[in-house]
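Trainee: One structure is given below, represented as structure tokens, and several questions about it will come after.
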Amino acid sequence: MRLRASRVALLVAAVAVIAFPFTDSAFYTELLAKAMILAIFALSLDLLVGYTGLVSFGHAAYFGIGAYATVLLAPKYDPASLWLVLPGAVVAAGLAALVIGLFVLRTRGIYFIMVTLAFAQMVFYVFHDTGLGGGSDGIYLNFKPSAAIGSLQPFDLGEARQQCWFVAALLFLTWWFLARLLESPFGRAIVGIRSNEQRMRALGFATVRYKLAAFAIAGALAGLAGSLYAILFGFVTPELLSWHQSGNVLLMVILGGIGSLAGSVGGAFAFVAMQEVFSGWTKHWQLLMGGVIVAAVLFLPGGLAALPGRVRRAFGAGGG
Amino acid sequence: MAEVLLAADGLTRRFGGLAANRDVSLSLVRGEVHALLGPNGAGKSTCINLLSGDLPVTSGRILLRGADVTPLPNHRRSLLGLGRSYQRTNIFARFTAFENCRLAAQSRDPQAWRILGRAHGNASVRDRAASALEQAGLGVRSNVVGAALSHGEQRQLEIAMVLATGADVLLLDEPLAGMGAEESARMIELLKSLRPAHAILLVEHDMDAVFEVADRVTVMVEGRVLESGLPHQIRASAAVREAYLGEPEASA
Ligand SMILES: Nc1ncnc2c1ncn2[C@@H]1O[C@H](COP(=O)(O)OP(=O)(O)OP(=O)(O)O)[C@@H](O)[C@H]1O
Ligand SMILES: [Mg+2]
């Protein structure tokens, strides 16, 4: 019964996402695409925070590396091939996470949080203070990447609707991939590590290697989100790798419910929606946002993902 | 003749100024239960931690099937057939009893690294988990979450997880701690049934239990081995009685 309800909800959401661009509102179509990109980003972080037990406070580094890689891999005066820049960004971010993971995974708890932040700041300053990516001004992606394969043109990212659907497809793919991963032997092992790493080691699991793999996969998926972000807005700045961005994605995961894939997606959507609504009301919107997040943590532990259960309990278990 | 699976030679472990283990040597033989006795703080758990690799030694050597495993971390020793249980129950409290054992069995699966296949699809891993649960007497409780098991059942699960890994060297840290009489009796039967195929180190405070199953007994005091021998020798030892049982050497 519960499974059916969640399936129906997912189906409704999918139909809404596919239908929405037909409203012909360029602004909201872009906003929807942005929310879905941040949902991929939040999903990637939840793999670490929610399932592996690694609270990374530097996850924006991989998002930013994915975004910069997309621009830097593209030729200046021609559209890049999507099939080059997108995988290129994923691989670049994944490799960066693999290398940084080798260092940060030597630490635990609060030190892990600080060291992930420190590495992200280092990456931030690489882009901020060197000419590599246009320095503090950022850099433009001059053309939308082309999806052409030979003479075949399956879709056109220059068309807002198709771009939105492409992002939607990748969000569902990421979601599906993570759901599968969590049911796999590898997924079971990382969840075991989150709940009792000592015992996992005693049982014969090389836990550091598992954590490193999770860190690299999460980095690669963050890079995918960053690449899509660069394609959507055509512009990247060091702000994308700032600690604000790392904090925001952590808030999306917390808001949605740590350790819930649907929660992370919901958290990202809620975050983008609030940002949009509150900033329309007042320029002090960040205060309002902070208030909502404090309230969510206090009154809705478990985040949005815990909401259906709460509602069901509040209205009595009669129907269930 | 005797097949020595695990041998410790001169193990020493210091915590700052405290020598929790000092020059401890012992060996475990397949088909035997080797009991490790000693008052609180004698260094029994530390000894298990050194043998399992949960703690590095300060000095000394550990041979597993004749190979020096002293520099290997605990997960590598585990893969070589060494399994341990913990004095303080150390299970995956939010997983079912079955999933606890399935994870343990998965550690031996050559496909443990697969990212897309379903973990539950692996029949050989599932079977190993199920038979370990059955053996430990938890077959009917396999779908109960760890935290919801009784204390005694959690102790049984500790053992079941070790069995699910297929280890043949078992280091058991007070498996009977806090168990009722009936549960204890069942656990002792389990230990007897495991004896033929395994080499077992049993840390235990319950004297009756120890002398019922032990083939060999080592007594530790203040980090050192005080005495090691056959059960009747230990029972007759005046030094043991004085140091461990706290009785002056008055009576027989
Ligand atoms: N990680 C540690 N750091 C510092 N001291 C320790 C540590 N582990 C154990 N000790 C000390 O080493 C000594 C031996 O402890 P250990 O736990 O091995 O004793 P034990 O024989 O298992 O006792 P018990 O019967 O109470 O379980 C104790 O004095 C203990 O305080
Ligand atoms: Mg102890």
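Labeling convention for the structure tokens: chains A, B, ... as they appear, residues from 1 per chain, ligands from 1 in order of appearance.
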Do me a favour and pick out the residues of chain A within 7 Å of chain B, using only C-alpha atoms, as a list in words.

Mentor: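 In the required form, that comes to Arg180, Leu181, Glu183, Ser184, Pro185, Phe186, Gly187, Ser195, Asn196, Arg199, Arg201, Ala202, Leu203, Gly204, Phe205 and Ala206 of chain A.
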
Trainee: Around ligand 1, out to 9 Å and counting only C-alpha atoms and all ligand atoms, which residues are there? I want them as a VMD selection string.

Mentor: chain B and resid 13 to 16 18 to 21 37 to 49 55 87 173 to 174 203 to 205 220 to 223

Trainee: Write down as a list in words the residues belonging to segment 194-240 of chain B that are assigned strand (DSSP E or B) by DSSP computed on the backbone.

Mentor: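 Taking segment 194-240 of chain B and keeping strand (DSSP E or B) gives Ala199, Ile200, Leu201, Leu202, Val203, Arg216, Val217, Thr218, Val219, Met220, Val221, Arg224, Val225, Leu226, Glu227, Ser228 and Gly229 of chain B.
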
Trainee: Give me the residues near Ser44 of chain A as a tab-separated table (two decimals) with all heavy atoms, in the first residue's frame, where near means some atom within 12 Å (using only C-alpha atoms) and where sequence neighbours in that chain fewer than 3 positions away do not count.

Mentor:
chain	number	residue	atom	x	y	z
A	37	ILE	N	18.62	20.21	-11.24
A	37	ILE	CA	20.07	20.09	-11.18
A	37	ILE	C	20.54	20.06	-9.72
A	37	ILE	O	21.37	19.23	-9.32
A	37	ILE	CB	20.73	21.26	-11.93
A	37	ILE	CG1	20.51	21.08	-13.44
A	37	ILE	CG2	22.22	21.34	-11.61
A	37	ILE	CD1	20.87	22.31	-14.25
A	38	LEU	N	19.95	20.95	-8.91
A	38	LEU	CA	20.33	20.95	-7.50
A	38	LEU	C	19.87	19.67	-6.81
A	38	LEU	O	20.47	19.21	-5.84
A	38	LEU	CB	19.78	22.19	-6.80
A	38	LEU	CG	20.44	23.49	-7.28
A	38	LEU	CD1	19.83	24.71	-6.61
A	38	LEU	CD2	21.96	23.45	-7.02
A	39	ALA	N	18.79	19.07	-7.33
A	39	ALA	CA	18.34	17.79	-6.78
A	39	ALA	C	19.39	16.70	-7.04
A	39	ALA	O	19.67	15.87	-6.17
A	39	ALA	CB	17.00	17.40	-7.37
A	40	ILE	N	19.98	16.72	-8.22
A	40	ILE	CA	21.07	15.75	-8.50
A	40	ILE	C	22.22	15.99	-7.52
A	40	ILE	O	22.78	15.06	-6.94
A	40	ILE	CB	21.57	15.90	-9.96
A	40	ILE	CG1	20.46	15.52	-10.94
A	40	ILE	CG2	22.81	15.04	-10.19
A	40	ILE	CD1	20.84	15.73	-12.40
A	41	PHE	N	22.53	17.27	-7.33
A	41	PHE	CA	23.60	17.65	-6.41
A	41	PHE	C	23.29	17.14	-4.99
A	41	PHE	O	24.13	16.53	-4.33
A	41	PHE	CB	23.72	19.18	-6.45
A	41	PHE	CG	24.91	19.76	-5.74
A	41	PHE	CD1	26.07	19.03	-5.52
A	41	PHE	CD2	24.87	21.09	-5.31
A	41	PHE	CE1	27.16	19.59	-4.88
A	41	PHE	CE2	25.95	21.66	-4.66
A	41	PHE	CZ	27.10	20.91	-4.45
A	47	LEU	N	24.32	10.51	-0.65
A	47	LEU	CA	25.04	9.23	-0.68
A	47	LEU	C	26.13	9.23	0.41
A	47	LEU	O	26.36	8.22	1.07
A	47	LEU	CB	25.67	9.01	-2.06
A	47	LEU	CG	26.55	7.76	-2.21
A	47	LEU	CD1	25.71	6.49	-2.05
A	47	LEU	CD2	27.27	7.75	-3.53
A	48	LEU	N	26.77	10.38	0.60
A	48	LEU	CA	27.81	10.47	1.62
A	48	LEU	C	27.23	10.65	3.00
A	48	LEU	O	27.51	9.89	3.92
A	48	LEU	CB	28.74	11.66	1.32
A	48	LEU	CG	29.61	11.56	0.09
A	48	LEU	CD1	30.49	12.78	-0.02
A	48	LEU	CD2	30.46	10.30	0.17
A	49	VAL	N	26.41	11.70	3.16
A	49	VAL	CA	25.92	12.05	4.50
A	49	VAL	C	24.93	11.01	5.01
A	49	VAL	O	25.02	10.55	6.15
A	49	VAL	CB	25.25	13.44	4.47
A	49	VAL	CG1	24.71	13.79	5.85
A	49	VAL	CG2	26.23	14.50	4.01
A	50	GLY	N	23.99	10.66	4.15
A	50	GLY	CA	22.89	9.83	4.61
A	50	GLY	C	23.18	8.35	4.60
A	50	GLY	O	22.62	7.59	5.39
A	51	TYR	N	24.04	7.90	3.72
A	51	TYR	CA	24.22	6.46	3.58
A	51	TYR	C	25.61	5.96	3.97
A	51	TYR	O	25.76	4.82	4.35
A	51	TYR	CB	23.87	6.03	2.15
A	51	TYR	CG	22.42	6.26	1.83
A	51	TYR	CD1	22.00	7.38	1.10
A	51	TYR	CD2	21.44	5.41	2.32
A	51	TYR	CE1	20.66	7.61	0.86
A	51	TYR	CE2	20.10	5.63	2.08
A	51	TYR	CZ	19.71	6.73	1.35
A	51	TYR	OH	18.39	6.96	1.10
A	52	THR	N	26.62	6.82	3.83
A	52	THR	CA	27.96	6.36	4.20
A	52	THR	C	28.36	6.92	5.55
A	52	THR	O	29.34	6.48	6.14
A	52	THR	CB	28.99	6.78	3.12
A	52	THR	OG1	28.41	6.62	1.83
A	52	THR	CG2	30.23	5.91	3.19
A	54	LEU	N	29.33	10.07	6.07
A	54	LEU	CA	30.42	11.04	5.91
A	54	LEU	C	29.82	12.43	5.69
A	54	LEU	O	29.24	12.69	4.64
A	54	LEU	CB	31.28	10.68	4.71
A	54	LEU	CG	32.05	9.36	4.79
A	54	LEU	CD1	32.66	9.03	3.43
A	54	LEU	CD2	33.13	9.42	5.86
A	56	SER	N	30.26	15.69	4.56
A	56	SER	CA	31.19	16.53	3.81
A	56	SER	C	30.68	17.96	3.79
A	56	SER	O	29.53	18.22	3.47
A	56	SER	CB	31.32	16.01	2.37
A	56	SER	OG	32.00	16.97	1.58
A	59	HIS	N	31.31	19.82	-0.49
A	59	HIS	CA	30.83	19.10	-1.67
A	59	HIS	C	30.71	20.01	-2.89
A	59	HIS	O	30.69	19.53	-4.02
A	59	HIS	CB	29.50	18.43	-1.36
A	59	HIS	CG	29.23	17.22	-2.18
A	59	HIS	ND1	30.16	16.22	-2.35
A	59	HIS	CD2	28.16	16.84	-2.91
A	59	HIS	CE1	29.66	15.28	-3.14
A	59	HIS	NE2	28.45	15.63	-3.49
A	60	ALA	N	30.64	21.32	-2.66
A	60	ALA	CA	30.54	22.25	-3.79
A	60	ALA	C	31.79	22.20	-4.66
A	60	ALA	O	31.75	22.54	-5.84
A	60	ALA	CB	30.31	23.67	-3.29
A	62	TYR	N	33.22	19.72	-5.99
A	62	TYR	CA	33.06	18.79	-7.11
A	62	TYR	C	32.02	19.30	-8.09
A	62	TYR	O	32.13	19.10	-9.30
A	62	TYR	CB	32.76	17.39	-6.56
A	62	TYR	CG	33.73	17.10	-5.45
A	62	TYR	CD1	33.34	17.17	-4.11
A	62	TYR	CD2	35.08	16.90	-5.74
A	62	TYR	CE1	34.26	17.02	-3.09
A	62	TYR	CE2	36.00	16.74	-4.72
A	62	TYR	CZ	35.59	16.81	-3.40
A	62	TYR	OH	36.50	16.67	-2.40
A	63	PHE	N	31.00	19.97	-7.54
A	63	PHE	CA	30.01	20.65	-8.38
A	63	PHE	C	30.73	21.70	-9.24
A	63	PHE	O	30.56	21.76	-10.46
A	63	PHE	CB	28.98	21.32	-7.46
A	63	PHE	CG	27.85	22.02	-8.14
A	63	PHE	CD1	26.73	21.31	-8.55
A	63	PHE	CD2	27.87	23.39	-8.33
A	63	PHE	CE1	25.66	21.95	-9.16
A	63	PHE	CE2	26.81	24.05	-8.94
A	63	PHE	CZ	25.71	23.33	-9.36
A	93	ALA	N	35.47	15.58	-11.99
A	93	ALA	CA	35.02	15.74	-10.60
A	93	ALA	C	35.24	14.45	-9.81
A	93	ALA	O	35.65	14.48	-8.65
A	93	ALA	CB	33.55	16.14	-10.57
A	94	GLY	N	34.98	13.32	-10.46
A	94	GLY	CA	35.18	12.04	-9.78
A	94	GLY	C	36.64	11.81	-9.42
A	94	GLY	O	36.97	11.36	-8.32
A	171	LEU	N	18.15	13.52	-13.97
A	171	LEU	CA	17.74	13.42	-12.56
A	171	LEU	C	17.16	12.03	-12.28
A	171	LEU	O	17.53	11.37	-11.31
A	171	LEU	CB	16.73	14.51	-12.21
A	171	LEU	CG	16.05	14.35	-10.84
A	171	LEU	CD1	17.08	14.34	-9.71
A	171	LEU	CD2	15.04	15.48	-10.61
A	174	THR	N	19.94	9.46	-12.32
A	174	THR	CA	20.75	9.51	-11.10
A	174	THR	C	20.02	8.86	-9.94
A	174	THR	O	20.59	8.06	-9.18
A	174	THR	CB	21.06	10.98	-10.74
A	174	THR	OG1	21.70	11.60	-11.85
A	174	THR	CG2	21.95	11.07	-9.52
A	175	TRP	N	18.75	9.19	-9.83
A	175	TRP	CA	17.92	8.64	-8.76
A	175	TRP	C	17.86	7.12	-8.87
A	175	TRP	O	18.08	6.40	-7.91
A	175	TRP	CB	16.53	9.25	-8.88
A	175	TRP	CG	15.63	9.05	-7.70
A	175	TRP	CD1	15.74	8.11	-6.71
A	175	TRP	CD2	14.47	9.82	-7.38
A	175	TRP	NE1	14.73	8.25	-5.82
A	175	TRP	CE2	13.93	9.29	-6.20
A	175	TRP	CE3	13.82	10.91	-7.99
A	175	TRP	CZ2	12.77	9.80	-5.61
A	175	TRP	CZ3	12.69	11.40	-7.40
A	175	TRP	CH2	12.16	10.87	-6.23
A	177	PHE	N	19.92	5.17	-10.45
A	177	PHE	CA	21.25	4.60	-10.21
A	177	PHE	C	21.52	4.46	-8.71
A	177	PHE	O	21.97	3.41	-8.24
A	177	PHE	CB	22.31	5.49	-10.86
A	177	PHE	CG	23.73	5.17	-10.47
A	177	PHE	CD1	24.35	4.04	-10.96
A	177	PHE	CD2	24.43	6.00	-9.61
A	177	PHE	CE1	25.65	3.73	-10.60
A	177	PHE	CE2	25.73	5.70	-9.24
A	177	PHE	CZ	26.35	4.56	-9.74
A	178	LEU	N	21.22	5.52	-7.96
A	178	LEU	CA	21.48	5.46	-6.52
A	178	LEU	C	20.58	4.45	-5.82
A	178	LEU	O	21.01	3.75	-4.91
A	178	LEU	CB	21.34	6.85	-5.89
A	178	LEU	CG	22.46	7.82	-6.25
A	178	LEU	CD1	22.19	9.21	-5.69
A	178	LEU	CD2	23.81	7.31	-5.74
A	179	ALA	N	19.32	4.37	-6.28
A	179	ALA	CA	18.41	3.39	-5.67
A	179	ALA	C	18.93	1.98	-5.91
A	179	ALA	O	18.92	1.14	-5.00
A	179	ALA	CB	17.00	3.56	-6.24
A	214	ALA	N	32.73	5.53	-2.39
A	214	ALA	CA	31.51	6.33	-2.22
A	214	ALA	C	31.82	7.81	-2.43
A	214	ALA	O	31.05	8.54	-3.07
A	214	ALA	CB	30.90	6.10	-0.83
A	215	PHE	N	32.95	8.24	-1.90
A	215	PHE	CA	33.33	9.65	-2.02
A	215	PHE	C	33.54	10.02	-3.48
A	215	PHE	O	33.12	11.09	-3.94
A	215	PHE	CB	34.61	9.89	-1.21
A	215	PHE	CG	34.85	11.33	-0.84
A	215	PHE	CD1	34.16	11.93	0.20
A	215	PHE	CD2	35.77	12.10	-1.55
A	215	PHE	CE1	34.37	13.26	0.53
A	215	PHE	CE2	35.99	13.43	-1.23
A	215	PHE	CZ	35.29	14.02	-0.18
A	216	ALA	N	34.18	9.13	-4.23
A	216	ALA	CA	34.44	9.40	-5.64
A	216	ALA	C	33.14	9.38	-6.46
A	216	ALA	O	32.93	10.23	-7.33
A	216	ALA	CB	35.42	8.38	-6.20
A	217	ILE	N	32.25	8.43	-6.16
A	217	ILE	CA	30.97	8.38	-6.88
A	217	ILE	C	30.16	9.65	-6.60
A	217	ILE	O	29.59	10.26	-7.50
A	217	ILE	CB	30.18	7.12	-6.49
A	217	ILE	CG1	30.88	5.86	-7.00
A	217	ILE	CG2	28.75	7.18	-7.03
A	217	ILE	CD1	30.31	4.56	-6.47
A	218	ALA	N	30.14	10.04	-5.32
A	218	ALA	CA	29.39	11.26	-4.95
A	218	ALA	C	29.99	12.47	-5.66
A	218	ALA	O	29.27	13.34	-6.14
A	218	ALA	CB	29.41	11.44	-3.44
A	219	GLY	N	31.33	12.52	-5.73
A	219	GLY	CA	31.98	13.63	-6.41
A	219	GLY	C	31.64	13.65	-7.89
A	219	GLY	O	31.35	14.71	-8.47
A	220	ALA	N	31.63	12.47	-8.51
A	220	ALA	CA	31.32	12.38	-9.94
A	220	ALA	C	29.89	12.87	-10.21
A	220	ALA	O	29.65	13.61	-11.17
A	220	ALA	CB	31.50	10.95	-10.42
A	221	LEU	N	28.95	12.47	-9.36
A	221	LEU	CA	27.56	12.89	-9.56
A	221	LEU	C	27.39	14.39	-9.30
A	221	LEU	O	26.61	15.06	-9.98
A	221	LEU	CB	26.62	12.08	-8.67
A	221	LEU	CG	26.49	10.60	-9.04
A	221	LEU	CD1	25.65	9.85	-8.02
A	221	LEU	CD2	25.89	10.46	-10.44
A	222	ALA	N	28.15	14.91	-8.34
A	222	ALA	CA	28.12	16.36	-8.11
A	222	ALA	C	28.67	17.06	-9.36
A	222	ALA	O	28.18	18.13	-9.75
A	222	ALA	CB	28.94	16.72	-6.87
A	223	GLY	N	29.68	16.45	-9.98
A	223	GLY	CA	30.25	17.01	-11.20
A	223	GLY	C	29.23	17.02	-12.33
A	223	GLY	O	29.17	17.96	-13.13
A	224	LEU	N	28.41	15.97	-12.38
A	224	LEU	CA	27.33	15.93	-13.38
A	224	LEU	C	26.39	17.12	-13.17
A	224	LEU	O	26.03	17.83	-14.11
A	224	LEU	CB	26.57	14.61	-13.25
A	224	LEU	CG	25.27	14.49	-14.06
A	224	LEU	CD1	25.59	14.47	-15.55
A	224	LEU	CD2	24.51	13.22	-13.68
A	225	ALA	N	26.01	17.34	-11.91
A	225	ALA	CA	25.12	18.47	-11.60
A	225	ALA	C	25.79	19.79	-11.99
A	225	ALA	O	25.16	20.66	-12.61
A	225	ALA	CB	24.76	18.46	-10.11
A	226	GLY	N	27.07	19.91	-11.66
A	226	GLY	CA	27.78	21.16	-11.97
A	226	GLY	C	27.85	21.40	-13.47
A	226	GLY	O	27.69	22.53	-13.95
A	249	VAL	N	23.79	22.94	-0.07
A	249	VAL	CA	23.42	21.58	-0.48
A	249	VAL	C	23.23	20.70	0.76
A	249	VAL	O	22.36	19.83	0.80
A	249	VAL	CB	24.43	20.99	-1.49
A	249	VAL	CG1	25.77	20.74	-0.86
A	249	VAL	CG2	23.88	19.70	-2.09
A	250	LEU	N	24.01	20.98	1.79
A	250	LEU	CA	23.84	20.25	3.04
A	250	LEU	C	22.46	20.57	3.63
A	250	LEU	O	21.75	19.67	4.13
A	250	LEU	CB	24.95	20.66	4.02
A	250	LEU	CG	25.36	19.69	5.12
A	250	LEU	CD1	25.61	18.29	4.59
A	250	LEU	CD2	26.61	20.21	5.82
A	252	MET	N	19.81	21.40	1.92
A	252	MET	CA	18.80	20.71	1.11
A	252	MET	C	18.62	19.28	1.61
A	252	MET	O	17.50	18.78	1.73
A	252	MET	CB	19.22	20.68	-0.36
A	252	MET	CG	19.20	22.04	-1.03
A	252	MET	SD	19.90	21.90	-2.71
A	252	MET	CE	20.55	23.55	-2.90
A	253	VAL	N	19.74	18.63	1.89
A	253	VAL	CA	19.69	17.24	2.33
A	253	VAL	C	19.01	17.15	3.70
A	253	VAL	O	18.17	16.28	3.94
A	253	VAL	CB	21.11	16.63	2.36
A	253	VAL	CG1	21.09	15.25	3.02
A	253	VAL	CG2	21.66	16.52	0.96
A	258	ILE	N	17.78	13.39	5.87
A	258	ILE	CA	19.03	12.68	5.64
A	258	ILE	C	18.77	11.20	5.42
A	258	ILE	O	18.02	10.59	6.17
A	258	ILE	CB	19.98	12.91	6.84
A	258	ILE	CG1	20.37	14.38	6.90
A	258	ILE	CG2	21.19	12.02	6.76
A	258	ILE	CD1	21.10	14.75	8.17
A	259	GLY	N	19.37	10.64	4.39
A	259	GLY	CA	19.21	9.21	4.15
A	259	GLY	C	17.90	8.86	3.46
A	259	GLY	O	17.36	7.79	3.65
A	260	SER	N	17.39	9.76	2.65
A	260	SER	CA	16.21	9.47	1.85
A	260	SER	C	16.42	10.09	0.47
A	260	SER	O	16.62	11.30	0.35
A	260	SER	CB	14.95	10.04	2.50
A	260	SER	OG	13.93	10.20	1.52
A	261	LEU	N	16.38	9.27	-0.58
A	261	LEU	CA	16.62	9.81	-1.91
A	261	LEU	C	15.50	10.77	-2.30
A	261	LEU	O	15.75	11.88	-2.77
A	261	LEU	CB	16.73	8.66	-2.93
A	261	LEU	CG	17.90	7.70	-2.71
A	261	LEU	CD1	17.92	6.64	-3.80
A	261	LEU	CD2	19.23	8.44	-2.69
A	264	SER	N	15.94	14.03	-0.55
A	264	SER	CA	16.94	14.95	-1.11
A	264	SER	C	16.37	15.72	-2.29
A	264	SER	O	16.59	16.93	-2.43
A	264	SER	CB	18.17	14.18	-1.58
A	264	SER	OG	18.83	13.64	-0.47
A	265	VAL	N	15.62	15.02	-3.14
A	265	VAL	CA	15.01	15.70	-4.29
A	265	VAL	C	14.01	16.74	-3.78
A	265	VAL	O	14.03	17.90	-4.20
A	265	VAL	CB	14.33	14.67	-5.22
A	265	VAL	CG1	13.57	15.37	-6.33
A	265	VAL	CG2	15.38	13.72	-5.79
A	268	ALA	N	15.76	19.77	-2.28
A	268	ALA	CA	16.30	20.70	-3.27
A	268	ALA	C	15.18	21.56	-3.86
A	268	ALA	O	15.32	22.78	-4.00
A	268	ALA	CB	17.02	19.93	-4.38

Trainee: Could you state the separation of atom CA of Arg141 of chain B and atom CA of Gly180 of chain B in Å, given to one decimal place?

Mentor: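 Going from atom CA of Arg141 of chain B over to atom CA of Gly180 of chain B covers 18.1 Å.
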
Trainee: Set the distance at 12 Å and use only C-alpha atoms: which residues neighbour Leu133 of chain B once local chain neighbours fewer than 2 positions away are removed? I'd like the list as a count of residues only.

Mentor: 39

Trainee: As a PyMOL selection string, please: the residues near segment 104-107 of chain A (cut-off 8 Å, only C-alpha atoms, same-chain neighbours under 2 positions excluded).

Mentor: chain A and resi 100-102+109+111-112+115-116+208+211-212

Trainee: If we count only C-alpha atoms, what is near Gly257 of chain A at a cut-off of 6 Å, once residues fewer than 5 positions away on the same chain are taken out, given as a PyMOL selection string?

Mentor: chain A and resi 263+302-305

Trainee: If you run DSSP on the backbone here, which positions in segment 24-232 of chain A get alpha helix (DSSP H)? Please write them as number ranges by chain.

Mentor: A: 26-46, 60-73, 82-104, 109-129, 160-183, 185-202, 207-232

Trainee: Neighbours of Ala273 of chain A within 10 Å (only C-alpha atoms; same-chain residues fewer than 4 positions away dropped), as a list in words?

Mentor: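 Neighbouring residues, sequence-local ones excluded: Leu31, Leu32, Ala35, Gly267, Ala268, Phe269, Val277, Phe278 and Ser279 of chain A.
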
Trainee: Selected residues, N, CA and C atoms, written as a PDB file, in the first residue's frame, please.

Mentor:
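So the final result, stored in out.pdb, reads:
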ATOM      1  N   LEU A  31      13.779  27.701 -14.016  1.00  0.00           N
ATOM      2  CA  LEU A  31      13.799  27.478 -12.567  1.00  0.00           C
ATOM      3  C   LEU A  31      13.634  25.990 -12.250  1.00  0.00           C
ATOM      4  N   LEU A  32      12.726  25.360 -12.989  1.00  0.00           N
ATOM      5  CA  LEU A  32      12.507  23.926 -12.790  1.00  0.00           C
ATOM      6  C   LEU A  32      13.791  23.150 -13.093  1.00  0.00           C
ATOM      7  N   ALA A  35      16.193  23.605 -10.284  1.00  0.00           N
ATOM      8  CA  ALA A  35      15.828  22.797  -9.108  1.00  0.00           C
ATOM      9  C   ALA A  35      16.216  21.334  -9.332  1.00  0.00           C
ATOM     10  N   GLY A 267      13.964  18.147  -0.875  1.00  0.00           N
ATOM     11  CA  GLY A 267      14.682  19.210  -0.175  1.00  0.00           C
ATOM     12  C   GLY A 267      15.230  20.248  -1.149  1.00  0.00           C
ATOM     13  N   ALA A 268      15.761  19.768  -2.278  1.00  0.00           N
ATOM     14  CA  ALA A 268      16.297  20.698  -3.272  1.00  0.00           C
ATOM     15  C   ALA A 268      15.178  21.555  -3.861  1.00  0.00           C
ATOM     16  N   PHE A 269      14.050  20.929  -4.170  1.00  0.00           N
ATOM     17  CA  PHE A 269      12.917  21.685  -4.722  1.00  0.00           C
ATOM     18  C   PHE A 269      12.409  22.708  -3.701  1.00  0.00           C
ATOM     19  N   VAL A 277      10.500  32.465  -3.527  1.00  0.00           N
ATOM     20  CA  VAL A 277       9.380  33.166  -2.887  1.00  0.00           C
ATOM     21  C   VAL A 277       9.889  34.238  -1.925  1.00  0.00           C
ATOM     22  N   PHE A 278      10.816  33.848  -1.062  1.00  0.00           N
ATOM     23  CA  PHE A 278      11.280  34.784  -0.030  1.00  0.00           C
ATOM     24  C   PHE A 278      12.013  35.972  -0.646  1.00  0.00           C
ATOM     25  N   SER A 279      12.801  35.721  -1.688  1.00  0.00           N
ATOM     26  CA  SER A 279      13.562  36.833  -2.250  1.00  0.00           C
ATOM     27  C   SER A 279      12.629  37.773  -3.017  1.00  0.00           C
TER      28      SER A 279
END

Trainee: Separation of atom CA of Tyr140 of chain A and atom CA of Ser25 of chain A, in Å?

Mentor: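 It comes out at 24.4 Å.
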
Trainee: Could you state the separation of atom CA of Val24 of chain B and atom CA of Ser228 of chain B in Å, given to one decimal place?

Mentor: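 Straight-line distance from atom CA of Val24 of chain B to atom CA of Ser228 of chain B works out to 10.8 Å.
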